[in-house]
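Asker: coords-v3.csv (CSV, C-alpha atoms) pasted underneath:
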chain,number,residue,atom,x,y,z
K,16,MET,CA,-41.0,63.2,-5.1
K,17,GLY,CA,-41.7,61.4,-8.3
K,18,GLU,CA,-40.4,58.9,-10.8
K,19,LYS,CA,-41.0,57.5,-14.3
K,20,GLU,CA,-41.0,53.9,-15.3
K,21,ASN,CA,-37.6,52.3,-14.6
K,22,GLN,CA,-36.1,55.7,-13.9
K,23,PRO,CA,-34.3,56.7,-10.6
K,24,PHE,CA,-36.3,58.3,-7.8
K,25,GLN,CA,-35.8,62.0,-7.2
K,26,LEU,CA,-36.2,63.1,-3.6
K,27,CYS,CA,-37.4,66.6,-2.5
K,28,PHE,CA,-35.0,67.2,0.3
K,29,ASN,CA,-32.0,66.9,-2.0
K,30,ALA,CA,-32.4,67.7,-5.7
K,31,SER,CA,-28.9,66.3,-6.4
K,32,LEU,CA,-29.7,62.9,-5.0
K,33,ARG,CA,-31.0,60.0,-7.2
K,34,VAL,CA,-32.2,56.6,-5.8
K,35,ASP,CA,-32.3,53.5,-7.9
K,36,PHE,CA,-32.9,49.8,-7.4
K,37,GLN,CA,-30.6,47.2,-9.1
K,38,GLY,CA,-31.5,43.9,-7.5
K,39,SER,CA,-29.7,41.8,-10.0
K,40,ARG,CA,-26.5,43.6,-9.4
K,41,VAL,CA,-26.5,44.4,-5.7
K,42,THR,CA,-26.3,41.9,-2.9
K,43,SER,CA,-26.7,42.1,0.9
K,44,ASP,CA,-25.0,38.7,1.5
K,45,GLY,CA,-21.6,39.1,-0.1
K,46,GLY,CA,-19.9,37.3,2.7
K,47,LEU,CA,-21.3,34.0,1.5
K,48,ILE,CA,-18.7,34.0,-1.2
K,49,LEU,CA,-16.2,33.1,1.6
K,50,VAL,CA,-18.4,30.2,2.7
K,51,ARG,CA,-18.5,29.0,-0.9
K,52,GLU,CA,-14.7,29.0,-1.0
K,53,TRP,CA,-14.8,27.1,2.3
K,54,ASP,CA,-17.2,24.5,1.1
K,55,GLU,CA,-15.1,23.9,-2.0
K,56,ARG,CA,-12.2,23.1,0.2
K,57,LEU,CA,-14.3,20.8,2.3
K,58,GLY,CA,-15.3,18.8,-0.7
K,59,PHE,CA,-19.0,19.6,-0.2
K,60,GLY,CA,-19.8,19.3,-3.9
K,61,ASP,CA,-18.3,15.7,-4.0
K,62,LEU,CA,-20.5,14.7,-1.0
K,63,ILE,CA,-23.6,16.1,-2.8
K,64,ARG,CA,-22.8,14.1,-5.9
K,65,GLU,CA,-22.1,10.9,-3.9
K,66,HIS,CA,-25.1,10.9,-1.6
K,67,LEU,CA,-28.0,12.7,-3.5
K,68,THR,CA,-30.0,11.3,-6.4
K,69,ASP,CA,-33.0,12.4,-8.4
K,70,PRO,CA,-34.1,9.5,-10.6
K,71,GLY,CA,-37.1,11.5,-11.9
K,72,ARG,CA,-35.0,14.0,-13.8
K,73,GLY,CA,-33.1,13.8,-17.0
K,74,LYS,CA,-29.3,13.7,-17.4
K,75,ASP,CA,-29.2,17.5,-18.1
K,76,PRO,CA,-31.5,19.1,-15.5
K,77,GLN,CA,-31.9,22.9,-15.6
K,78,LEU,CA,-30.8,23.2,-12.0
K,79,PRO,CA,-28.2,20.7,-10.8
K,80,LEU,CA,-28.7,19.1,-7.3
K,81,ALA,CA,-25.6,20.9,-6.0
K,82,ASP,CA,-27.1,24.3,-6.9
K,83,LEU,CA,-30.4,23.5,-5.2
K,84,LEU,CA,-28.8,22.1,-2.0
K,85,ARG,CA,-26.4,25.1,-1.7
K,86,GLN,CA,-29.3,27.5,-2.2
K,87,SER,CA,-31.2,25.8,0.6
K,88,VAL,CA,-28.3,25.6,3.0
K,89,TYR,CA,-26.8,29.0,2.3
K,90,GLY,CA,-30.2,30.6,2.6
K,91,ARG,CA,-30.5,29.3,6.1
K,92,LEU,CA,-27.0,30.3,6.9
K,93,ALA,CA,-27.8,33.8,5.9
K,94,GLY,CA,-31.0,33.8,8.0
K,95,TYR,CA,-33.6,33.1,5.3
K,96,GLU,CA,-35.5,30.2,6.7
K,97,ASP,CA,-38.6,30.5,4.5
K,98,VAL,CA,-38.4,29.3,1.0
K,99,ASN,CA,-40.6,32.2,0.0
K,100,ASP,CA,-37.5,34.3,0.1
K,101,ALA,CA,-36.2,32.3,-2.9
K,102,GLU,CA,-38.4,34.5,-5.2
K,103,ARG,CA,-36.3,37.5,-4.4
K,104,LEU,CA,-33.0,35.8,-3.8
K,105,SER,CA,-33.1,34.0,-7.2
K,106,GLN,CA,-31.7,37.2,-8.8
K,107,ASP,CA,-29.3,38.1,-5.9
K,108,PRO,CA,-25.7,38.2,-7.3
K,109,THR,CA,-24.3,36.1,-4.4
K,110,PHE,CA,-26.9,33.4,-4.7
K,111,ARG,CA,-26.3,33.2,-8.4
K,112,LEU,CA,-22.5,33.1,-8.0
K,113,ILE,CA,-22.4,30.4,-5.4
K,114,GLY,CA,-24.0,28.0,-7.9
K,115,SER,CA,-22.8,26.5,-11.2
K,116,GLU,CA,-22.0,28.7,-14.2
K,117,ARG,CA,-25.3,27.9,-15.8
K,118,ILE,CA,-27.2,30.0,-13.3
K,119,TRP,CA,-25.0,33.0,-13.2
K,120,GLU,CA,-27.0,34.8,-15.8
K,121,ARG,CA,-30.4,32.9,-15.6
K,122,GLY,CA,-30.8,33.0,-11.8
K,123,ALA,CA,-31.2,30.6,-8.9
K,124,ALA,CA,-34.3,28.5,-8.1
K,125,LEU,CA,-37.6,30.2,-7.6
K,126,THR,CA,-39.9,29.4,-4.6
K,127,SER,CA,-41.9,26.6,-6.3
K,128,ARG,CA,-38.7,24.7,-7.5
K,129,LEU,CA,-37.0,25.0,-4.1
K,130,GLN,CA,-40.1,23.9,-2.3
K,131,SER,CA,-40.4,20.7,-4.4
K,132,PHE,CA,-36.7,20.1,-3.9
K,133,GLU,CA,-36.9,20.3,-0.1
K,134,THR,CA,-40.3,18.5,0.4
K,135,GLU,CA,-40.3,15.9,-2.4
K,136,MET,CA,-36.9,15.1,-3.9
K,137,LEU,CA,-34.9,15.3,-0.6
K,138,ALA,CA,-37.6,13.3,1.1
K,139,GLU,CA,-37.2,10.3,-1.2
K,140,GLU,CA,-36.1,7.1,0.5
K,141,GLU,CA,-32.8,6.9,-1.4
K,142,ASN,CA,-31.7,10.3,-0.1
K,143,PHE,CA,-32.0,9.3,3.6
K,144,LYS,CA,-28.5,7.9,4.2
K,145,LEU,CA,-28.8,7.2,7.9
K,146,ARG,CA,-27.9,3.6,8.8
K,147,PRO,CA,-28.5,1.7,12.0
K,148,GLY,CA,-25.6,1.4,14.3
K,149,ASN,CA,-24.4,-1.7,16.2
K,150,VAL,CA,-24.3,0.0,19.7
K,151,HIS,CA,-27.0,1.6,21.8
K,152,SER,CA,-27.6,5.3,20.9
K,153,ALA,CA,-27.0,6.4,24.5
K,154,ASP,CA,-23.9,4.2,25.1
K,155,GLY,CA,-21.3,6.2,26.9
K,156,TRP,CA,-23.6,9.1,27.8
K,157,GLN,CA,-21.8,9.7,31.1
K,158,GLU,CA,-18.5,10.4,29.5
K,159,LEU,CA,-20.1,12.8,27.1
K,160,LEU,CA,-22.7,14.7,29.2
K,161,ARG,CA,-21.1,15.0,32.6
K,162,PRO,CA,-17.9,16.8,31.6
K,163,GLU,CA,-19.7,19.1,29.2
K,164,ILE,CA,-22.4,20.1,31.7
K,165,ALA,CA,-19.7,20.8,34.3
K,166,TRP,CA,-17.7,22.9,31.9
K,167,GLN,CA,-20.7,24.9,30.8
K,168,GLN,CA,-21.8,25.5,34.3
K,169,LYS,CA,-18.3,26.6,35.3
K,170,GLN,CA,-18.6,29.3,32.6
K,171,GLY,CA,-21.7,30.5,34.4
K,172,LYS,CA,-24.1,29.3,31.8
K,173,GLN,CA,-27.5,27.8,32.3
K,174,VAL,CA,-27.5,24.3,30.7
K,175,VAL,CA,-30.5,22.9,28.9
K,176,PHE,CA,-30.4,19.4,27.4
K,177,ARG,CA,-32.5,18.3,24.4
K,178,ALA,CA,-32.5,14.8,22.9
K,179,GLY,CA,-34.4,14.5,19.6
K,180,PRO,CA,-35.9,14.4,17.1
K,181,ARG,CA,-34.6,11.3,15.2
K,182,GLY,CA,-32.9,8.3,16.6
K,183,LEU,CA,-32.5,9.6,20.2
K,184,PRO,CA,-35.3,8.2,22.3
K,185,ALA,CA,-32.6,6.0,23.8
K,186,PHE,CA,-31.9,8.9,26.2
K,187,ALA,CA,-35.3,8.4,27.8
K,188,LYS,CA,-33.7,6.6,30.7
K,189,PRO,CA,-34.4,7.2,34.4
K,190,GLU,CA,-30.7,7.4,35.2
K,191,ILE,CA,-30.2,10.2,32.7
K,192,TYR,CA,-33.2,12.1,34.1
K,193,GLU,CA,-31.7,11.8,37.6
K,194,ALA,CA,-28.2,12.8,36.6
K,195,LEU,CA,-29.6,15.9,34.8
K,196,GLU,CA,-31.9,16.9,37.7
K,197,GLU,CA,-29.1,16.5,40.3
K,198,ARG,CA,-27.1,19.1,38.3
K,199,HIS,CA,-30.2,21.4,37.9
K,200,VAL,CA,-30.2,20.9,34.2
K,201,LYS,CA,-33.5,21.4,32.4
K,202,TYR,CA,-34.2,18.8,29.7
K,203,ALA,CA,-36.6,17.8,26.9
K,204,ILE,CA,-36.2,14.2,25.8
K,205,ARG,CA,-38.2,12.3,23.2
K,206,ILE,CA,-39.8,9.2,24.6
K,207,PRO,CA,-39.6,5.9,22.7
K,208,ALA,CA,-42.2,5.0,20.1
K,209,ASN,CA,-45.1,2.9,21.3
K,210,GLU,CA,-48.4,1.7,20.0
K,211,SER,CA,-50.4,4.6,21.3
K,212,LEU,CA,-48.1,7.2,19.8
K,213,GLU,CA,-47.9,5.3,16.5
K,214,ARG,CA,-51.7,5.3,16.3
K,215,ASP,CA,-52.0,9.0,17.1
K,216,VAL,CA,-49.5,10.0,14.3
K,217,ALA,CA,-50.9,7.5,11.6
K,218,CYS,CA,-51.6,9.3,8.2
K,219,HIS,CA,-49.2,12.3,9.1
K,220,ARG,CA,-46.1,13.0,7.0
K,221,PHE,CA,-43.1,14.3,9.0
K,222,ARG,CA,-40.4,13.6,6.4
K,223,SER,CA,-40.5,17.0,4.8
K,224,ASN,CA,-40.0,18.6,8.3
K,225,GLU,CA,-37.1,16.3,8.9
K,226,VAL,CA,-35.5,17.4,5.7
K,227,ARG,CA,-35.8,21.0,6.7
K,228,LEU,CA,-34.2,20.2,10.1
K,229,TRP,CA,-31.3,18.4,8.4
K,230,LEU,CA,-30.8,21.4,6.1
K,231,SER,CA,-30.6,23.6,9.1
K,232,VAL,CA,-28.1,21.2,10.7
K,233,ILE,CA,-25.9,21.3,7.6
K,234,ALA,CA,-26.0,25.1,7.6
K,235,TYR,CA,-25.1,25.2,11.3
K,236,ASN,CA,-22.2,22.8,10.9
K,237,LEU,CA,-20.9,24.6,7.8
K,238,GLY,CA,-21.0,27.9,9.7
K,239,ASN,CA,-19.5,26.4,12.9
K,240,LEU,CA,-16.6,24.9,11.0
K,241,TRP,CA,-16.0,28.2,9.3
K,242,ARG,CA,-15.9,29.9,12.7
K,243,ARG,CA,-13.6,27.3,14.3
K,244,LEU,CA,-11.2,26.7,11.4
K,245,VAL,CA,-11.1,29.8,9.3
K,246,LEU,CA,-11.6,32.9,11.4
K,247,PRO,CA,-8.3,34.6,12.5
K,248,LEU,CA,-7.6,34.7,16.2
K,249,ARG,CA,-8.6,38.3,16.7
K,250,VAL,CA,-12.2,37.5,15.7
K,251,GLY,CA,-12.2,33.8,16.7
K,252,ASN,CA,-14.6,34.3,19.6
K,253,TRP,CA,-17.4,35.6,17.3
K,254,SER,CA,-20.6,33.6,17.6
K,255,LEU,CA,-22.5,32.3,14.6
K,256,THR,CA,-24.9,35.2,15.0
K,257,SER,CA,-22.0,37.6,14.8
K,258,LEU,CA,-20.7,35.8,11.7
K,259,GLN,CA,-24.1,36.2,10.0
K,260,GLN,CA,-24.5,39.9,11.0
K,261,ARG,CA,-20.9,41.1,10.5
K,262,LEU,CA,-19.6,38.9,7.7
K,263,VAL,CA,-22.4,37.3,5.7
K,264,LYS,CA,-24.4,40.5,5.7
K,265,THR,CA,-21.9,42.4,3.6
K,266,GLY,CA,-23.2,44.5,0.8
K,267,GLY,CA,-21.7,44.3,-2.6
K,268,ARG,CA,-22.2,45.1,-6.3
K,269,LEU,CA,-21.7,42.7,-9.2
K,270,ILE,CA,-20.1,44.0,-12.4
K,271,LYS,CA,-19.8,41.8,-15.4
K,272,HIS,CA,-17.0,42.2,-17.9
K,273,ALA,CA,-16.5,40.3,-21.2
K,274,ARG,CA,-14.6,37.4,-19.6
K,275,TYR,CA,-15.0,37.6,-15.9
K,276,TYR,CA,-17.0,39.1,-13.0
K,277,TRP,CA,-16.2,41.6,-10.3
K,278,LEU,CA,-17.9,41.4,-6.9
K,279,LEU,CA,-17.2,44.7,-5.2
K,280,LEU,CA,-17.8,44.3,-1.5
K,281,ALA,CA,-18.5,47.1,1.0
K,282,GLU,CA,-15.8,47.4,3.6
K,283,GLY,CA,-17.3,47.3,7.1
K,284,HIS,CA,-16.7,44.5,9.5
K,285,LEU,CA,-15.5,42.4,6.5
K,286,THR,CA,-12.3,44.3,5.6
K,287,ARG,CA,-9.9,43.5,2.8
K,288,ARG,CA,-7.4,42.4,5.4
K,289,LEU,CA,-9.8,40.1,7.1
K,290,PHE,CA,-11.1,38.6,3.8
K,291,GLY,CA,-7.6,38.0,2.7
K,292,ALA,CA,-6.6,36.3,5.9
K,293,MET,CA,-9.6,33.9,5.7
K,294,VAL,CA,-8.9,33.1,2.0
K,295,ARG,CA,-5.3,32.3,2.9
K,296,CYS,CA,-6.4,30.1,5.9
K,297,ILE,CA,-8.8,28.1,3.6
K,298,ALA,CA,-6.1,27.6,1.0
K,299,ALA,CA,-3.7,26.3,3.7
K,300,LEU,CA,-6.0,23.7,5.0
K,301,PRO,CA,-5.5,20.1,3.8
K,302,VAL,CA,-7.6,18.9,0.9
K,303,PRO,CA,-10.0,16.1,2.1
K,304,THR,CA,-9.3,12.7,0.6
K,305,GLY,CA,-11.7,10.0,-0.4
Could you show the structure in this file as structure tokens?

Answerer:
Amino acid sequence: MGEKENQPFQLCFNASLRVDFQGSRVTSDGGLILVREWDERLGFGDLIREHLTDPGRGKDPQLPLADLLRQSVYGRLAGYEDVNDAERLSQDPTFRLIGSERIWERGAALTSRLQSFETEMLAEEENFKLRPGNVHSADGWQELLRPEIAWQQKQGKQVVFRAGPRGLPAFAKPEIYEALEERHVKYAIRIPANESLERDVACHRFRSNEVRLWLSVIAYNLGNLWRRLVLPLRVGNWSLTSLQQRLVKTGGRLIKHARYYWLLLAEGHLTRRLFGAMVRCIAALPVPTG
């Protein structure tokens, strides 16, 4: 076989077959377009504008905060946990189309920009919106844990309990350990801070890791709400893994016309009928109010 610069590949086993690569026009994550429609209905963009700031940038940044956050969250939802994937995904049609119009042609963020967004800008103090509560974190744990453990075990599942990493050392209580052990539940619970621990972790920065955790949590919640509120009944029992493999991982080809774009999706698990059912379900949901 052989090829010339920027020419299709010709393969020996079939002289009539040509193979070409069109990365800026072909996507393997076309199903994310549905998630973008879903997050619009949820008012995700309004939440971003309300809670995120970047005082170090001008009034007209090249990449708006909403574009950067969506790229981080959607990448995780599609299974790309390493920001190094951004180099390739920056020209992926789906990752361009989920952002604002200004990146449709130019492309999404590259690895260096996404890296600084996640580890520096999101780690700024003003972007941590958690506030202290006026009740103990473990208040009411019996009503929450005991029925859930009983229900899961009734389904024949092995239950594992994890309390952490932020704000949950309150679950480090002997009565909780005993209740879990009585029910044969394995557990990992963060212990409260103390002087020895504080001394051991002095001069370490964990905030960037916390940011990545929260981005994964946002992606999980977005996908789980999609699964629970948008999927038709016939596929309503699909797991998040099934959603990723069967719906998100849908191939497609982007075609640009003078005034609009066509995203032509491959019809596999994500059929025209299923896509239409989910679009109608999203449109029927109430619009969130302030």

Asker: Dump as JSON lines the rows for residues of region 199-253 of chain K within 8 Å of region 275-295 of chain K: closest atom pair and distance in Å with one decimal, only C-alpha atoms counted, ordered by chain and rising residue number.

Answerer:
{"residue": "K:Val245", "atom": "CA", "partner": "K:Met293", "partner_atom": "CA", "distance": 5.7}
{"residue": "K:Leu246", "atom": "CA", "partner": "K:Met293", "partner_atom": "CA", "distance": 6.1}
{"residue": "K:Pro247", "atom": "CA", "partner": "K:Met293", "partner_atom": "CA", "distance": 7.0}

Asker: In Å to one decimal, how far is CA of Ser105 (chain K) from CA of Ala124 (chain K)?

Answerer: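 Value for the CA of Ala124 (chain K)-CA of Ser105 (chain K) distance: 5.7 Å.
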
Asker: Between K:Arg56, K:Arg85, K:Lys201, K:Arg111, which has the minimum distance to Gly38 (chain K) (counting all atoms listed in the file)?

Answerer: K:Arg111

Asker: Just the residues within 12 Å of Glu196 (chain K), please, counting all atoms listed in the file, with nothing from its chain fewer than 5 positions along; format it as a list in words.

Answerer: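 That gives Ile164, Val174, Val175, Phe176, Pro189, Glu190, Ile191, Lys201, Tyr202 and Ala203 of chain K.
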
Asker: Any idea what's packed within 12 Å of Leu228 (chain K), counting only C-alpha atoms, ignoring anything in its chain fewer than 5 positions away? Could you give it as a list in words?

Answerer: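 Contacts, with the query itself left out: Ser87, Val88, Arg91, Glu96, Glu133, Thr134, Leu137, Ala138, Gly179, Pro180, Arg181, Phe221, Arg222, Ser223, Ile233, Ala234 and Tyr235 of chain K.
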
Asker: Got time to write the residues from that selection, C-alpha atoms, as a PDB file, keeping the file's coordinate frame?

Answerer:
ATOM      1  CA  SER K  87     -31.200  25.800   0.600  1.00  0.00           C
ATOM      2  CA  VAL K  88     -28.300  25.600   3.000  1.00  0.00           C
ATOM      3  CA  ARG K  91     -30.500  29.300   6.100  1.00  0.00           C
ATOM      4  CA  GLU K  96     -35.500  30.200   6.700  1.00  0.00           C
ATOM      5  CA  GLU K 133     -36.900  20.300  -0.100  1.00  0.00           C
ATOM      6  CA  THR K 134     -40.300  18.500   0.400  1.00  0.00           C
ATOM      7  CA  LEU K 137     -34.900  15.300  -0.600  1.00  0.00           C
ATOM      8  CA  ALA K 138     -37.600  13.300   1.100  1.00  0.00           C
ATOM      9  CA  GLY K 179     -34.400  14.500  19.600  1.00  0.00           C
ATOM     10  CA  PRO K 180     -35.900  14.400  17.100  1.00  0.00           C
ATOM     11  CA  ARG K 181     -34.600  11.300  15.200  1.00  0.00           C
ATOM     12  CA  PHE K 221     -43.100  14.300   9.000  1.00  0.00           C
ATOM     13  CA  ARG K 222     -40.400  13.600   6.400  1.00  0.00           C
ATOM     14  CA  SER K 223     -40.500  17.000   4.800  1.00  0.00           C
ATOM     15  CA  ILE K 233     -25.900  21.300   7.600  1.00  0.00           C
ATOM     16  CA  ALA K 234     -26.000  25.100   7.600  1.00  0.00           C
ATOM     17  CA  TYR K 235     -25.100  25.200  11.300  1.00  0.00           C
TER      18      TYR K 235
END

Asker: Taking 3 positions as the minimum chain separation for residues in the same chain, which residues sit within 12 Å of Gly45 (chain K) when counting all atoms listed in the file? Answer as a count of residues only.

Answerer: 36

Asker: When you draw a straight line from CA of Glu193 (chain K) to CA of Trp156 (chain K), how long is it in Å?

Answerer: 13.0 Å

Asker: Which of these, K:Pro162, K:Gln22, K:Leu62, K:Glu120, has the shortest distance to Phe36 (chain K) once you count only C-alpha atoms?

Answerer: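 The answer is K:Gln22, which sits nearest to Phe36 (chain K).
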
Asker: One decimal, in Å: what's the spacing between CA of Asp54 (chain K) and CA of Gly94 (chain K)?

Answerer: 18.0 Å

Asker: Out of K:Phe59, K:Trp119, K:Ala194, K:Ser43, which residue has the shortest atom-to-atom distance to Asn236 (chain K) when counting all atoms listed in the file?

Answerer: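 Under the stated criterion, the closest residue is K:Phe59.
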
Asker: Do you know which residues are at most 12 Å from Lys144 (chain K) counting all atoms listed in the file, after dropping those on the same chain fewer than 2 positions away, and could you put them as a list in words?

Answerer: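 Using all atoms listed in the file, the neighbours found are Leu62, Ile63, Glu65, His66, Leu67, Thr68, Leu137, Ala138, Glu139, Glu140, Glu141, Asn142, Arg146, Pro147, Val226 and Trp229 of chain K.
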
Asker: Write a file of the selected residues as a CSV table (one decimal), in the frame of the given file, keeping C-alpha atoms.

Answerer:
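Listed below is the output, result.csv:
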chain,number,residue,atom,x,y,z
K,62,LEU,CA,-20.5,14.7,-1.0
K,63,ILE,CA,-23.6,16.1,-2.8
K,65,GLU,CA,-22.1,10.9,-3.9
K,66,HIS,CA,-25.1,10.9,-1.6
K,67,LEU,CA,-28.0,12.7,-3.5
K,68,THR,CA,-30.0,11.3,-6.4
K,137,LEU,CA,-34.9,15.3,-0.6
K,138,ALA,CA,-37.6,13.3,1.1
K,139,GLU,CA,-37.2,10.3,-1.2
K,140,GLU,CA,-36.1,7.1,0.5
K,141,GLU,CA,-32.8,6.9,-1.4
K,142,ASN,CA,-31.7,10.3,-0.1
K,146,ARG,CA,-27.9,3.6,8.8
K,147,PRO,CA,-28.5,1.7,12.0
K,226,VAL,CA,-35.5,17.4,5.7
K,229,TRP,CA,-31.3,18.4,8.4

Asker: Closest to Arg242 (chain K) among K:Phe132, K:Phe186, K:Trp53, K:Phe24, using only C-alpha atoms?

Answerer: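 Of the candidates, the smallest distance to Arg242 (chain K) is held by K:Trp53.
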